[in-house]
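Here the structure comes first, spelled out in structure tokens, and everything after it is commentary.
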Amino acid sequence: MTSTPPFWKTTPLADMTQSQWESLCDGCGRCCLHKLRDEETDEIIWTDISCRLLDTQTCLCTDYHRRQRRIPDCISLTPALLRDIDWLPPSCAYRLLRDGFDLPDWHPLVSGSQDTVHTSGASARGRCLNERYAGMIEDHQADWPGEWPDHAPPCTNSLKNNSK
């Protein structure tokens, strides 16, 4: 008996339904952390300061459907934008699939649980501070948001069909 492969292994990112696309987000909250860009080197400088709409315990947006009205520079990620974005965390499903990798074992679509993103150490839960309480963003530089999660196994599984 042959099982049907999951949609992210067979459907290119640009061809996914809105529901499929949205389900790729693992809820880690790391993309909602403020980032700075060095003007001279173009390097991304990661911080542990979150957008004011991010619930720092659940790592979910508290007003997802109205976020762009409330936060004008909030990005609504699309397959077209994904091609040029360089600031998504290395464990981000959108980035992994774009670059030809499979989802990690702790991703909710693989594990079947929303909690595995937190228990794996891949999320910002308990490691970030809401921008309302942070002070100067420059004082909160952190490396971990831009690195593969310490306790999560590396993602080495390549997809046969690149989902670009």
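Just so we're on the same page: first chain in the structure tokens is A, next is B, and so on; residues restart at 1 for each chain, and ligands are numbered from 1 in the order they show up.
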
Need to verify the contact set: range 41-46 of chain A, 6 Å, only C-alpha atoms, exclusion of same-chain residues closer than 5 positions in sequence. Can you return it as a PyMOL selection string? chain A and resi 35-36+141-142

May I have the residues from that selection written out with C-alpha atoms, as an mmCIF file, in the first residue's frame?
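Final output, again-v6.cif:
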```
data_model
loop_
_atom_site.group_PDB
_atom_site.id
_atom_site.type_symbol
_atom_site.label_atom_id
_atom_site.label_comp_id
_atom_site.auth_asym_id
_atom_site.auth_seq_id
_atom_site.Cartn_x
_atom_site.Cartn_y
_atom_site.Cartn_z
ATOM 1 C CA LYS A 35 16.417 42.667 12.668
ATOM 2 C CA LEU A 36 18.888 45.377 11.809
ATOM 3 C CA GLN A 141 21.611 41.875 19.620
ATOM 4 C CA ALA A 142 21.392 38.087 19.710
#
```

Mind checking DSSP for range 7-144 of chain A and telling me the helix (DSSP H, G or I) residues as a PyMOL selection string? chain A and resi 7-10+13-15+18-23+30-32+64-70+79-82+93-98+108-111+116-119+131-133+137-140+144

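The smallest atom-to-atom distance between Cys25 in chain A and any of A:Ile71, A:Thr47, A:Ser111, A:Leu60, using only C-alpha atoms, is found for A:Leu60.
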
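With only C-alpha atoms as the basis for measurement, A:Ser23 is the residue among A:Asn130, A:Ser3, A:Ser50, A:Ser23 that approaches Leu103 in chain A most closely.
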
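Look at Trp8 in chain A: the protein and nucleic acid residues within 9 Å of it, using only C-alpha atoms and passing over chain neighbours fewer than 6 places away, are Met16, Gln20, Leu24, Leu97, Asp102, Leu103 and Ser163 of chain A.
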
Pull the strand (DSSP E) assignments for range 23-81 of chain A out of DSSP run on the backbone, and list those residues as a short mmCIF file (atom, residue, chain, number, x, y, z; two decimals) with C-alpha atoms, in the first residue's frame.
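Saved result, selection_34.cif, follows:
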```cif
data_model
loop_
_atom_site.label_atom_id
_atom_site.label_comp_id
_atom_site.auth_asym_id
_atom_site.auth_seq_id
_atom_site.Cartn_x
_atom_site.Cartn_y
_atom_site.Cartn_z
CA LEU A 33 11.89 39.46 15.90
CA HIS A 34 13.39 42.78 14.90
CA LYS A 35 16.42 42.67 12.67
CA LEU A 36 18.89 45.38 11.81
CA ARG A 37 21.01 45.57 8.69
CA ILE A 44 21.71 41.00 9.15
CA ILE A 45 21.98 41.75 12.85
CA TRP A 46 19.51 39.64 14.79
CA THR A 47 17.86 40.78 18.02
CA ASP A 48 15.74 39.18 20.70
CA ILE A 49 13.13 41.95 20.50
CA SER A 50 9.73 40.98 19.16
CA LEU A 54 3.77 38.80 19.06
CA ASP A 55 2.63 36.86 22.11
CA LEU A 60 1.65 33.73 17.63
CA CYS A 61 0.51 37.10 16.39
#
```
